[in-house]
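Trainee: Just so it is clear, I am handing over work_6.pdb, which has PDB, C-alpha atoms.
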```
MODEL        1
ATOM      1  CA  MET A   1      34.656 -15.304  46.537
ATOM      2  CA  LEU A   2      36.017 -15.345  50.078
ATOM      3  CA  LEU A   3      36.089 -18.949  51.311
ATOM      4  CA  LEU A   4      36.600 -20.545  54.691
ATOM      5  CA  THR A   5      38.088 -24.021  54.231
ATOM      6  CA  ILE A   6      38.320 -26.849  56.780
ATOM      7  CA  GLU A   7      40.451 -30.014  56.632
ATOM      8  CA  SER A   8      40.284 -32.919  59.125
ATOM      9  CA  SER A   9      40.828 -36.113  57.126
ATOM     10  CA  CYS A  10      43.605 -37.645  59.235
ATOM     11  CA  ASP A  11      45.770 -36.185  61.994
ATOM     12  CA  GLU A  12      45.955 -32.467  61.178
ATOM     13  CA  THR A  13      43.142 -30.066  62.002
ATOM     14  CA  SER A  14      43.319 -27.095  59.669
ATOM     15  CA  ALA A  15      41.342 -24.041  58.631
ATOM     16  CA  ALA A  16      42.153 -21.383  56.061
ATOM     17  CA  VAL A  17      40.709 -18.344  54.361
ATOM     18  CA  VAL A  18      41.223 -18.200  50.589
ATOM     19  CA  ARG A  19      40.168 -15.432  48.199
ATOM     20  CA  ASP A  20      39.067 -16.272  44.638
ATOM     21  CA  GLY A  21      40.564 -19.763  44.826
ATOM     22  CA  ARG A  22      44.122 -18.441  44.524
ATOM     23  CA  GLU A  23      45.086 -16.024  47.310
ATOM     24  CA  VAL A  24      45.757 -17.571  50.727
ATOM     25  CA  LEU A  25      44.945 -15.058  53.466
ATOM     26  CA  SER A  26      45.560 -17.515  56.300
ATOM     27  CA  ASN A  27      46.309 -21.209  56.738
ATOM     28  CA  VAL A  28      46.338 -22.596  60.276
ATOM     29  CA  VAL A  29      47.299 -26.196  61.065
ATOM     30  CA  ALA A  30      47.096 -27.966  64.438
ATOM     31  CA  SER A  31      49.258 -31.095  64.304
ATOM     32  CA  GLN A  32      48.727 -34.288  66.297
ATOM     33  CA  VAL A  33      52.175 -35.748  65.599
ATOM     34  CA  ASP A  34      53.230 -35.806  69.256
ATOM     35  CA  VAL A  35      50.056 -37.682  70.218
ATOM     36  CA  HIS A  36      50.385 -40.422  67.618
ATOM     37  CA  ALA A  37      54.184 -40.729  67.839
ATOM     38  CA  LEU A  38      53.712 -42.726  71.048
ATOM     39  CA  TYR A  39      51.953 -45.437  69.026
ATOM     40  CA  GLY A  40      54.076 -45.359  65.870
ATOM     41  CA  GLY A  41      51.133 -44.300  63.700
ATOM     42  CA  VAL A  42      47.755 -42.600  63.649
ATOM     43  CA  VAL A  43      45.172 -43.934  66.135
ATOM     44  CA  PRO A  44      41.755 -43.098  64.596
ATOM     45  CA  GLU A  45      39.853 -42.622  67.856
ATOM     46  CA  LEU A  46      42.509 -40.327  69.280
ATOM     47  CA  ALA A  47      42.571 -38.381  66.020
ATOM     48  CA  SER A  48      38.822 -37.771  66.193
ATOM     49  CA  ARG A  49      39.015 -36.554  69.778
ATOM     50  CA  LYS A  50      41.858 -34.167  69.006
ATOM     51  CA  HIS A  51      39.966 -32.786  65.997
ATOM     52  CA  MET A  52      37.009 -32.053  68.267
ATOM     53  CA  GLU A  53      39.275 -30.160  70.644
ATOM     54  CA  ALA A  54      41.032 -28.181  67.914
ATOM     55  CA  VAL A  55      38.540 -27.424  65.149
ATOM     56  CA  ALA A  56      36.884 -24.349  66.678
ATOM     57  CA  VAL A  57      40.270 -22.996  67.743
ATOM     58  CA  VAL A  58      41.862 -23.262  64.286
ATOM     59  CA  VAL A  59      38.780 -21.758  62.605
ATOM     60  CA  ASP A  60      38.883 -18.766  64.960
ATOM     61  CA  ASP A  61      42.629 -18.397  64.434
ATOM     62  CA  ALA A  62      42.315 -18.578  60.629
ATOM     63  CA  LEU A  63      39.629 -15.896  60.619
ATOM     64  CA  ARG A  64      41.644 -13.662  62.950
ATOM     65  CA  LYS A  65      44.822 -13.949  60.867
ATOM     66  CA  ALA A  66      43.027 -13.435  57.542
ATOM     67  CA  GLY A  67      41.712  -9.983  58.416
ATOM     68  CA  PRO A  68      38.145 -10.116  57.041
ATOM     69  CA  GLY A  69      35.555 -11.014  59.645
ATOM     70  CA  LEU A  70      33.185 -13.952  59.794
ATOM     71  CA  ALA A  71      30.437 -11.864  58.188
ATOM     72  CA  ASP A  72      32.606 -11.469  55.065
ATOM     73  CA  ILE A  73      32.884 -15.215  54.409
ATOM     74  CA  GLU A  74      30.854 -16.124  51.301
ATOM     75  CA  GLY A  75      31.189 -19.908  51.260
ATOM     76  CA  ILE A  76      32.693 -22.912  53.021
ATOM     77  CA  ALA A  77      34.703 -25.783  51.525
ATOM     78  CA  VAL A  78      35.406 -28.855  53.629
ATOM     79  CA  THR A  79      37.180 -32.164  53.097
ATOM     80  CA  ARG A  80      34.496 -34.779  52.471
ATOM     81  CA  GLY A  81      36.860 -37.712  51.959
ATOM     82  CA  PRO A  82      38.710 -39.930  51.671
ATOM     83  CA  GLY A  83      40.087 -40.353  55.163
ATOM     84  CA  LEU A  84      39.221 -41.533  58.663
ATOM     85  CA  VAL A  85      35.447 -41.346  58.999
ATOM     86  CA  GLY A  86      35.439 -40.081  62.585
ATOM     87  CA  ALA A  87      37.964 -37.402  61.735
ATOM     88  CA  LEU A  88      36.120 -36.323  58.582
ATOM     89  CA  LEU A  89      32.834 -36.008  60.475
ATOM     90  CA  VAL A  90      34.333 -33.464  62.860
ATOM     91  CA  GLY A  91      35.262 -31.107  60.032
ATOM     92  CA  LEU A  92      31.998 -31.740  58.199
ATOM     93  CA  SER A  93      29.926 -31.021  61.300
ATOM     94  CA  MET A  94      31.745 -27.747  61.891
ATOM     95  CA  ALA A  95      31.379 -26.720  58.244
ATOM     96  CA  LYS A  96      27.683 -27.585  58.050
ATOM     97  CA  GLY A  97      26.906 -25.809  61.306
ATOM     98  CA  MET A  98      28.641 -22.641  60.133
ATOM     99  CA  ALA A  99      27.046 -22.768  56.677
ATOM    100  CA  LEU A 100      23.606 -23.100  58.271
ATOM    101  CA  SER A 101      24.078 -20.314  60.775
ATOM    102  CA  LEU A 102      25.679 -17.907  58.277
ATOM    103  CA  GLU A 103      23.291 -18.877  55.456
ATOM    104  CA  ILE A 104      26.156 -19.383  52.988
ATOM    105  CA  PRO A 105      26.816 -22.236  50.512
ATOM    106  CA  LEU A 106      28.793 -25.361  51.372
ATOM    107  CA  VAL A 107      30.820 -27.681  49.167
ATOM    108  CA  GLY A 108      32.665 -30.948  49.878
ATOM    109  CA  VAL A 109      36.108 -31.395  48.324
ATOM    110  CA  HIS A 110      38.163 -34.541  47.722
ATOM    111  CA  HIS A 111      41.295 -34.598  49.857
ATOM    112  CA  MET A 112      43.657 -35.576  47.030
ATOM    113  CA  GLU A 113      41.962 -33.081  44.714
ATOM    114  CA  GLY A 114      43.145 -30.438  47.130
ATOM    115  CA  HIS A 115      46.699 -31.759  47.010
ATOM    116  CA  ILE A 116      47.055 -31.969  43.229
ATOM    117  CA  LEU A 117      45.616 -28.467  42.764
ATOM    118  CA  ALA A 118      47.706 -26.907  45.568
ATOM    119  CA  PRO A 119      50.444 -25.545  43.240
ATOM    120  CA  LEU A 120      47.825 -23.246  41.668
ATOM    121  CA  LEU A 121      47.801 -21.253  44.913
ATOM    122  CA  GLU A 122      51.377 -20.165  44.204
ATOM    123  CA  GLN A 123      51.994 -20.344  40.456
ATOM    124  CA  GLN A 124      50.434 -20.799  37.050
ATOM    125  CA  VAL A 125      50.249 -24.446  35.977
ATOM    126  CA  PRO A 126      48.237 -24.687  32.749
ATOM    127  CA  PHE A 127      45.947 -27.662  32.224
ATOM    128  CA  PRO A 128      46.293 -30.442  31.279
ATOM    129  CA  TYR A 129      49.033 -31.889  33.453
ATOM    130  CA  LEU A 130      50.122 -35.157  35.013
ATOM    131  CA  ALA A 131      49.838 -35.341  38.809
ATOM    132  CA  LEU A 132      51.685 -37.689  41.124
ATOM    133  CA  ALA A 133      49.757 -37.710  44.414
ATOM    134  CA  VAL A 134      52.055 -39.304  46.963
ATOM    135  CA  SER A 135      51.331 -39.405  50.684
ATOM    136  CA  GLY A 136      50.844 -41.712  53.650
ATOM    137  CA  GLY A 137      47.590 -43.033  52.248
ATOM    138  CA  HIS A 138      47.889 -42.524  48.492
ATOM    139  CA  THR A 139      50.277 -43.091  45.641
ATOM    140  CA  HIS A 140      48.346 -42.343  42.457
ATOM    141  CA  LEU A 141      49.025 -40.943  39.002
ATOM    142  CA  TYR A 142      46.283 -38.757  37.550
ATOM    143  CA  ARG A 143      45.668 -36.978  34.296
ATOM    144  CA  VAL A 144      44.285 -33.551  35.256
ATOM    145  CA  ASP A 145      42.385 -31.840  32.426
ATOM    146  CA  GLY A 146      40.898 -29.151  34.630
ATOM    147  CA  ILE A 147      39.254 -28.641  38.002
ATOM    148  CA  GLY A 148      36.903 -31.564  38.510
ATOM    149  CA  LYS A 149      38.257 -33.415  35.475
ATOM    150  CA  TYR A 150      40.505 -36.276  36.583
ATOM    151  CA  ARG A 151      41.436 -39.684  35.258
ATOM    152  CA  ILE A 152      43.371 -42.315  37.212
ATOM    153  CA  LEU A 153      46.352 -43.659  35.265
ATOM    154  CA  GLY A 154      48.023 -45.723  37.985
ATOM    155  CA  ARG A 155      47.922 -46.470  41.688
ATOM    156  CA  THR A 156      49.700 -48.429  44.388
ATOM    157  CA  LEU A 157      48.723 -52.076  44.637
ATOM    158  CA  ASP A 158      49.675 -52.312  48.321
ATOM    159  CA  ASP A 159      51.420 -49.804  50.597
ATOM    160  CA  ALA A 160      51.431 -46.128  49.733
ATOM    161  CA  ALA A 161      54.912 -44.608  49.545
ATOM    162  CA  GLY A 162      54.439 -42.570  52.731
ATOM    163  CA  GLU A 163      53.123 -45.636  54.521
ATOM    164  CA  ALA A 164      56.259 -47.540  53.490
ATOM    165  CA  PHE A 165      58.451 -44.749  54.885
ATOM    166  CA  ASP A 166      56.602 -44.864  58.207
ATOM    167  CA  LYS A 167      56.787 -48.662  58.472
ATOM    168  CA  VAL A 168      60.493 -48.747  57.642
ATOM    169  CA  SER A 169      61.147 -45.991  60.156
ATOM    170  CA  LYS A 170      59.431 -48.119  62.792
ATOM    171  CA  LEU A 171      61.514 -51.178  61.770
ATOM    172  CA  LEU A 172      64.669 -49.139  62.236
ATOM    173  CA  GLY A 173      63.507 -47.736  65.579
ATOM    174  CA  LEU A 174      63.461 -44.163  64.286
ATOM    175  CA  GLY A 175      59.993 -43.033  65.354
ATOM    176  CA  TYR A 176      57.017 -41.370  63.689
ATOM    177  CA  PRO A 177      56.456 -39.765  61.221
ATOM    178  CA  GLY A 178      59.109 -41.678  59.336
ATOM    179  CA  GLY A 179      59.412 -39.800  56.053
ATOM    180  CA  ALA A 180      61.151 -36.714  57.414
ATOM    181  CA  ILE A 181      63.473 -38.777  59.626
ATOM    182  CA  ILE A 182      64.579 -41.065  56.796
ATOM    183  CA  ASP A 183      65.029 -38.116  54.435
ATOM    184  CA  ARG A 184      67.265 -36.406  56.982
ATOM    185  CA  LEU A 185      69.402 -39.526  57.538
ATOM    186  CA  ALA A 186      69.571 -40.222  53.808
ATOM    187  CA  ALA A 187      71.311 -36.894  53.235
ATOM    188  CA  ASP A 188      74.380 -38.310  55.024
ATOM    189  CA  GLY A 189      74.222 -41.809  53.533
ATOM    190  CA  ASN A 190      75.270 -43.643  50.390
ATOM    191  CA  PRO A 191      72.184 -44.389  48.227
ATOM    192  CA  LYS A 192      74.120 -47.161  46.438
ATOM    193  CA  ALA A 193      75.250 -48.969  49.580
ATOM    194  CA  PHE A 194      72.445 -51.550  49.384
ATOM    195  CA  ASP A 195      70.544 -52.747  46.341
ATOM    196  CA  PHE A 196      66.927 -52.845  47.467
ATOM    197  CA  PRO A 197      64.369 -53.960  44.845
ATOM    198  CA  ARG A 198      62.435 -51.622  42.541
ATOM    199  CA  PRO A 199      59.042 -53.406  42.305
ATOM    200  CA  LEU A 200      57.039 -53.128  39.061
ATOM    201  CA  LEU A 201      59.650 -50.849  37.531
ATOM    202  CA  LYS A 202      59.900 -53.012  34.423
ATOM    203  CA  LYS A 203      56.139 -53.451  34.071
ATOM    204  CA  PRO A 204      54.591 -51.410  31.228
ATOM    205  CA  ASN A 205      51.728 -50.072  33.378
ATOM    206  CA  PHE A 206      51.787 -47.094  35.727
ATOM    207  CA  ASP A 207      50.956 -48.944  38.957
ATOM    208  CA  PHE A 208      53.196 -48.938  42.040
ATOM    209  CA  SER A 209      54.145 -51.424  44.753
ATOM    210  CA  PHE A 210      56.222 -50.681  47.837
ATOM    211  CA  SER A 211      55.652 -53.669  50.104
ATOM    212  CA  GLY A 212      58.530 -55.558  48.466
ATOM    213  CA  ILE A 213      61.048 -52.828  49.260
ATOM    214  CA  LYS A 214      59.829 -52.749  52.849
ATOM    215  CA  THR A 215      60.053 -56.558  53.148
ATOM    216  CA  ALA A 216      63.569 -56.607  51.711
ATOM    217  CA  LEU A 217      64.667 -54.087  54.312
ATOM    218  CA  LEU A 218      62.977 -56.148  57.049
ATOM    219  CA  TYR A 219      64.971 -59.221  56.036
ATOM    220  CA  TYR A 220      68.158 -57.176  56.021
ATOM    221  CA  VAL A 221      67.473 -55.836  59.530
ATOM    222  CA  GLN A 222      66.777 -59.367  60.778
ATOM    223  CA  SER A 223      70.084 -60.577  59.299
ATOM    224  CA  GLN A 224      72.098 -58.150  61.398
ATOM    225  CA  GLU A 225      73.528 -59.227  64.737
ATOM    226  CA  GLY A 226      73.169 -55.877  66.417
ATOM    227  CA  PRO A 227      71.331 -52.561  66.037
ATOM    228  CA  ILE A 228      71.852 -50.525  62.872
ATOM    229  CA  GLN A 229      73.462 -47.253  63.882
ATOM    230  CA  GLY A 230      75.673 -44.397  62.730
ATOM    231  CA  ASP A 231      76.916 -44.392  59.143
ATOM    232  CA  HIS A 232      75.399 -47.845  58.640
ATOM    233  CA  LEU A 233      71.952 -46.445  59.480
ATOM    234  CA  CYS A 234      72.422 -43.497  57.131
ATOM    235  CA  ASP A 235      73.401 -45.845  54.296
ATOM    236  CA  VAL A 236      70.357 -48.057  54.878
ATOM    237  CA  ALA A 237      68.053 -45.015  54.952
ATOM    238  CA  ALA A 238      69.612 -43.557  51.806
ATOM    239  CA  SER A 239      69.421 -46.857  49.912
ATOM    240  CA  PHE A 240      65.797 -47.434  50.897
ATOM    241  CA  GLN A 241      64.803 -43.893  49.982
ATOM    242  CA  GLN A 242      66.606 -44.137  46.644
ATOM    243  CA  ALA A 243      64.698 -47.294  45.739
ATOM    244  CA  VAL A 244      61.370 -45.627  46.479
ATOM    245  CA  ILE A 245      62.026 -42.336  44.718
ATOM    246  CA  GLU A 246      63.503 -44.024  41.642
ATOM    247  CA  VAL A 247      60.282 -45.989  41.213
ATOM    248  CA  LEU A 248      58.191 -42.847  41.692
ATOM    249  CA  CYS A 249      60.230 -40.844  39.200
ATOM    250  CA  GLU A 250      60.588 -43.508  36.518
ATOM    251  CA  LYS A 251      56.900 -44.440  36.545
ATOM    252  CA  THR A 252      55.836 -40.796  36.492
ATOM    253  CA  LEU A 253      58.131 -39.858  33.616
ATOM    254  CA  ARG A 254      57.025 -42.899  31.660
ATOM    255  CA  ALA A 255      53.416 -41.819  32.094
ATOM    256  CA  ALA A 256      54.290 -38.288  30.981
ATOM    257  CA  LYS A 257      55.955 -39.585  27.828
ATOM    258  CA  GLU A 258      53.127 -41.928  26.906
ATOM    259  CA  THR A 259      50.373 -39.374  27.554
ATOM    260  CA  GLY A 260      52.239 -36.465  25.969
ATOM    261  CA  LEU A 261      51.728 -34.286  29.050
ATOM    262  CA  GLU A 262      54.568 -31.780  29.393
ATOM    263  CA  ARG A 263      53.839 -30.610  32.933
ATOM    264  CA  ILE A 264      54.156 -32.766  36.044
ATOM    265  CA  VAL A 265      52.774 -31.847  39.466
ATOM    266  CA  VAL A 266      54.088 -33.750  42.488
ATOM    267  CA  ALA A 267      51.899 -33.245  45.552
ATOM    268  CA  GLY A 268      51.041 -34.753  48.932
ATOM    269  CA  GLY A 269      53.074 -35.190  52.093
ATOM    270  CA  VAL A 270      55.886 -37.182  50.452
ATOM    271  CA  ALA A 271      56.382 -34.298  48.000
ATOM    272  CA  CYS A 272      58.275 -32.632  50.887
ATOM    273  CA  ASN A 273      60.983 -35.288  50.515
ATOM    274  CA  LYS A 274      64.151 -33.496  49.408
ATOM    275  CA  GLY A 275      65.509 -36.537  47.615
ATOM    276  CA  LEU A 276      62.332 -36.929  45.584
ATOM    277  CA  ARG A 277      62.165 -33.248  44.686
ATOM    278  CA  ARG A 278      65.773 -33.210  43.570
ATOM    279  CA  LEU A 279      65.608 -36.402  41.504
ATOM    280  CA  MET A 280      62.254 -35.558  39.888
ATOM    281  CA  GLU A 281      63.410 -32.090  38.884
ATOM    282  CA  GLN A 282      66.641 -33.474  37.414
ATOM    283  CA  LYS A 283      65.013 -36.284  35.466
ATOM    284  CA  ALA A 284      62.073 -34.168  34.307
ATOM    285  CA  THR A 285      64.359 -31.433  32.993
ATOM    286  CA  MET A 286      66.585 -33.940  31.183
ATOM    287  CA  ALA A 287      63.530 -35.504  29.538
ATOM    288  CA  GLY A 288      62.093 -32.155  28.439
ATOM    289  CA  PHE A 289      59.337 -31.895  31.048
ATOM    290  CA  ARG A 290      58.677 -29.350  33.759
ATOM    291  CA  ALA A 291      58.014 -30.440  37.341
ATOM    292  CA  PHE A 292      55.959 -28.379  39.803
ATOM    293  CA  PHE A 293      55.948 -28.813  43.577
ATOM    294  CA  PRO A 294      53.863 -26.934  46.158
ATOM    295  CA  SER A 295      55.737 -25.274  48.998
ATOM    296  CA  PRO A 296      56.316 -27.704  51.899
ATOM    297  CA  SER A 297      53.518 -26.076  53.924
ATOM    298  CA  LEU A 298      51.094 -26.901  51.099
ATOM    299  CA  CYS A 299      52.397 -30.458  50.666
ATOM    300  CA  ALA A 300      51.367 -31.579  54.130
ATOM    301  CA  ASP A 301      47.653 -31.779  54.946
ATOM    302  CA  ASN A 302      46.247 -28.258  55.149
ATOM    303  CA  ALA A 303      42.985 -26.448  54.513
ATOM    304  CA  ALA A 304      44.204 -23.814  52.047
ATOM    305  CA  MET A 305      44.624 -26.429  49.312
ATOM    306  CA  LEU A 306      40.831 -26.942  49.298
ATOM    307  CA  GLY A 307      40.313 -23.371  48.149
ATOM    308  CA  VAL A 308      41.117 -23.937  44.475
ATOM    309  CA  ALA A 309      38.458 -26.577  43.842
ATOM    310  CA  GLY A 310      36.054 -25.167  46.444
ATOM    311  CA  ASP A 311      35.951 -21.769  44.778
ATOM    312  CA  ALA A 312      35.459 -23.267  41.314
ATOM    313  CA  TYR A 313      32.623 -25.557  42.413
ATOM    314  CA  LEU A 314      30.738 -22.869  44.312
ATOM    315  CA  GLU A 315      31.136 -20.332  41.501
ATOM    316  CA  GLY A 316      29.809 -22.997  39.137
ATOM    317  CA  GLY A 317      26.742 -23.600  41.274
ATOM    318  CA  CYS A 318      27.864 -26.955  42.671
ATOM    319  CA  VAL A 319      26.517 -26.680  46.211
ATOM    320  CA  ALA A 320      25.990 -29.404  48.810
ATOM    321  CA  ASP A 321      23.041 -29.638  51.145
ATOM    322  CA  LEU A 322      23.245 -30.347  54.861
ATOM    323  CA  ASN A 323      22.875 -34.093  54.271
ATOM    324  CA  LEU A 324      26.425 -34.186  52.896
ATOM    325  CA  ASN A 325      28.185 -37.139  54.493
ATOM    326  CA  ALA A 326      31.772 -38.321  54.814
ATOM    327  CA  ARG A 327      33.221 -40.800  52.349
ATOM    328  CA  ALA A 328      36.072 -42.886  53.752
ATOM    329  CA  ASN A 329      36.759 -44.325  50.300
ATOM    330  CA  TRP A 330      36.172 -41.999  47.371
ATOM    331  CA  PRO A 331      37.938 -42.431  44.005
ATOM    332  CA  LEU A 332      39.036 -39.064  42.673
ATOM    333  CA  ASP A 333      37.598 -39.722  39.227
ATOM    334  CA  GLN A 334      34.158 -39.779  40.902
ATOM    335  CA  ALA A 335      34.700 -36.416  42.594
ATOM    336  CA  GLY A 336      34.300 -34.103  39.596
ATOM    337  CA  TRP A 337      31.294 -32.272  38.179
ATOM    338  CA  PRO A 338      28.673 -32.756  39.576
ATOM    339  CA  GLN A 339      30.483 -34.016  42.637
ATOM    340  CA  GLN A 340      28.030 -33.673  45.522
ATOM    341  CA  ARG A 341      26.321 -37.035  45.026
TER
ENDMDL
END
```
Show how you would write the structure in this file as structure tokens.

Mentor:
Amino acid sequence: MLLLTIESSCDETSAAVVRDGREVLSNVVASQVDVHALYGGVVPELASRKHMEAVAVVVDDALRKAGPGLADIEGIAVTRGPGLVGALLVGLSMAKGMALSLEIPLVGVHHMEGHILAPLLEQQVPFPYLALAVSGGHTHLYRVDGIGKYRILGRTLDDAAGEAFDKVSKLLGLGYPGGAIIDRLAADGNPKAFDFPRPLLKKPNFDFSFSGIKTALLYYVQSQEGPIQGDHLCDVAASFQQAVIEVLCEKTLRAAKETGLERIVVAGGVACNKGLRRLMEQKATMAGFRAFFPSPSLCADNAAMLGVAGDAYLEGGCVADLNLNARANWPLDQAGWPQQR
């Protein structure tokens, strides 16, 4: 099946063409980073407006780059949720309008479902596996038994990891988005320079908490007489990042051991973090597990990642009608078969 996929859950407008749920023919992303950087975070109303400006452009560009024409598209997959409602509605409206006019089936896909299945676009990852979905809005551990078969094992109790990176970046006056900036500074810093807390690390469950690390760094910044700069800034960034990624890795590996799952997928925007990728690969290998990461272009929000689940659902007869609505909050374990309720 040749699918057109559309993603607009937050601040990237994206469209892609995917064949048979595995082969990416095109994947176009229009970023809004420059717009939201002025405010230190995503402004929902601005995001919706920018999606409206960009969605037709990225769809046209994705079709042009893919090769096959619009008449060859056999189905459409679109992000239904979770995310910013106004932003989601832009993508949904475009998808429903095209499905109606082309008389082809439509399916709504969970945003994080797209992320944790993204590695399948590039490599074979047999089911079942453990998935760490880590981004600006999510930090969850899932057991993945197949497409549409998910069980939540743990989640953040407060800030998501990516959210913590962005807030700390703002505290340090580094700008937005914070994850990439902190990761870059951390490469030149000493991760042992400051002993920031590792919340919930000793707890036997698989839940996360990052607000304590952020608060500890806030108190440290307030204790300083002047601005944190140079090597000092690199050491603070490296120590903060190390605290976060140690929690992510230790909790994930503990879950892998207790569930007996040998394969670990790390996905979402924070999966681009070089420190996290390096530490997870090292610790997973030492413990006898294998870690899988999507390419950086498939870690950030993009439409191609929707193709894996979208193709499977449509081939299985799971089709949405034109009353399909956005879901700002949508637990992934409620997004499986049949998932168009």

Trainee: List the neighbours of range 23-39 of chain A out to 8 Å using all atoms listed in the file; skip same-chain residues closer than 4 positions along the sequence, and give me the result as a ChimeraX atom specification.

Mentor: /A:11-19,43,47,50,54,58-59,61-63,65-67,121,175-177,302-304

Trainee: Taking all atoms listed in the file into account, name the residue in A:Phe208, A:Tyr142, A:Phe293, A:Trp337 that is nearest to Lys251 in chain A.

Mentor: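 Ranking A:Phe208, A:Tyr142, A:Phe293, A:Trp337 by distance to Lys251 in chain A, first place goes to A:Phe208.
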
Trainee: What lies within 9 Å of range 161-167 of chain A using all atoms listed in the file, ignoring chain neighbours under 2 positions off, as JSON, numbers by chain?

Mentor: {"A": [40, 41, 134, 135, 136, 137, 138, 139, 156, 159, 169, 170, 171, 172, 175, 176, 177, 178, 179, 180, 182, 208, 209, 210, 211, 213, 214, 240, 241, 244, 245, 248, 269, 270]}

Trainee: Could you write out the selected residues, including C-alpha atoms, as a PDB file, in the frame of the given file?

Mentor:
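Once written, out-v6.pdb looks like this:
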```
ATOM      1  CA  GLY A  40      54.076 -45.359  65.870  1.00  0.00           C
ATOM      2  CA  GLY A  41      51.133 -44.300  63.700  1.00  0.00           C
ATOM      3  CA  VAL A 134      52.055 -39.304  46.963  1.00  0.00           C
ATOM      4  CA  SER A 135      51.331 -39.405  50.684  1.00  0.00           C
ATOM      5  CA  GLY A 136      50.844 -41.712  53.650  1.00  0.00           C
ATOM      6  CA  GLY A 137      47.590 -43.033  52.248  1.00  0.00           C
ATOM      7  CA  HIS A 138      47.889 -42.524  48.492  1.00  0.00           C
ATOM      8  CA  THR A 139      50.277 -43.091  45.641  1.00  0.00           C
ATOM      9  CA  THR A 156      49.700 -48.429  44.388  1.00  0.00           C
ATOM     10  CA  ASP A 159      51.420 -49.804  50.597  1.00  0.00           C
ATOM     11  CA  SER A 169      61.147 -45.991  60.156  1.00  0.00           C
ATOM     12  CA  LYS A 170      59.431 -48.119  62.792  1.00  0.00           C
ATOM     13  CA  LEU A 171      61.514 -51.178  61.770  1.00  0.00           C
ATOM     14  CA  LEU A 172      64.669 -49.139  62.236  1.00  0.00           C
ATOM     15  CA  GLY A 175      59.993 -43.033  65.354  1.00  0.00           C
ATOM     16  CA  TYR A 176      57.017 -41.370  63.689  1.00  0.00           C
ATOM     17  CA  PRO A 177      56.456 -39.765  61.221  1.00  0.00           C
ATOM     18  CA  GLY A 178      59.109 -41.678  59.336  1.00  0.00           C
ATOM     19  CA  GLY A 179      59.412 -39.800  56.053  1.00  0.00           C
ATOM     20  CA  ALA A 180      61.151 -36.714  57.414  1.00  0.00           C
ATOM     21  CA  ILE A 182      64.579 -41.065  56.796  1.00  0.00           C
ATOM     22  CA  PHE A 208      53.196 -48.938  42.040  1.00  0.00           C
ATOM     23  CA  SER A 209      54.145 -51.424  44.753  1.00  0.00           C
ATOM     24  CA  PHE A 210      56.222 -50.681  47.837  1.00  0.00           C
ATOM     25  CA  SER A 211      55.652 -53.669  50.104  1.00  0.00           C
ATOM     26  CA  ILE A 213      61.048 -52.828  49.260  1.00  0.00           C
ATOM     27  CA  LYS A 214      59.829 -52.749  52.849  1.00  0.00           C
ATOM     28  CA  PHE A 240      65.797 -47.434  50.897  1.00  0.00           C
ATOM     29  CA  GLN A 241      64.803 -43.893  49.982  1.00  0.00           C
ATOM     30  CA  VAL A 244      61.370 -45.627  46.479  1.00  0.00           C
ATOM     31  CA  ILE A 245      62.026 -42.336  44.718  1.00  0.00           C
ATOM     32  CA  LEU A 248      58.191 -42.847  41.692  1.00  0.00           C
ATOM     33  CA  GLY A 269      53.074 -35.190  52.093  1.00  0.00           C
ATOM     34  CA  VAL A 270      55.886 -37.182  50.452  1.00  0.00           C
TER      35      VAL A 270
END
```

Trainee: Can you list, as a ChimeraX atom specification, every protein, DNA or RNA residue that comes within 8 Å of Ile264 in chain A when you count all atoms listed in the file, leaving out same-chain residues fewer than 5 positions away?

Mentor: /A:129-132,256,289-292

Trainee: Do a neighbour search on Lys257 in chain A at 10 Å with all atoms listed in the file, toss out local chain neighbours closer than 4 positions, and write the hits as JSON, numbers by chain.

Mentor: {"A": [252, 253, 261, 262, 287, 288, 289]}

Trainee: Any chance you could export the current selection's C-alpha atoms as a PDB file, keeping the file's coordinate frame?

Mentor:
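Saved the output as result.pdb:
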```pdb
ATOM      1  CA  THR A 252      55.836 -40.796  36.492  1.00  0.00           C
ATOM      2  CA  LEU A 253      58.131 -39.858  33.616  1.00  0.00           C
ATOM      3  CA  LEU A 261      51.728 -34.286  29.050  1.00  0.00           C
ATOM      4  CA  GLU A 262      54.568 -31.780  29.393  1.00  0.00           C
ATOM      5  CA  ALA A 287      63.530 -35.504  29.538  1.00  0.00           C
ATOM      6  CA  GLY A 288      62.093 -32.155  28.439  1.00  0.00           C
ATOM      7  CA  PHE A 289      59.337 -31.895  31.048  1.00  0.00           C
TER       8      PHE A 289
END
```

Trainee: Write out as a PyMOL selection string each polymer residue whose atoms come within 12 Å of range 184-196 of chain A, counting all atoms listed in the file; drop sequence neighbours fewer than 3 positions from it.

Mentor: chain A and resi 169+172+174+178-181+199+210-220+229-247+272-276+278

Trainee: Using CA of Cys10 in chain A and CA of Met52 in chain A as the two end points, give the distance in Å to one decimal.

Mentor: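 So the answer is 12.5 Å.
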
Trainee: Between CA of Gly75 in chain A and CA of Leu106 in chain A, what is the distance in Å, rounded to a tenth?

Mentor: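 It comes out at 6.0 Å.
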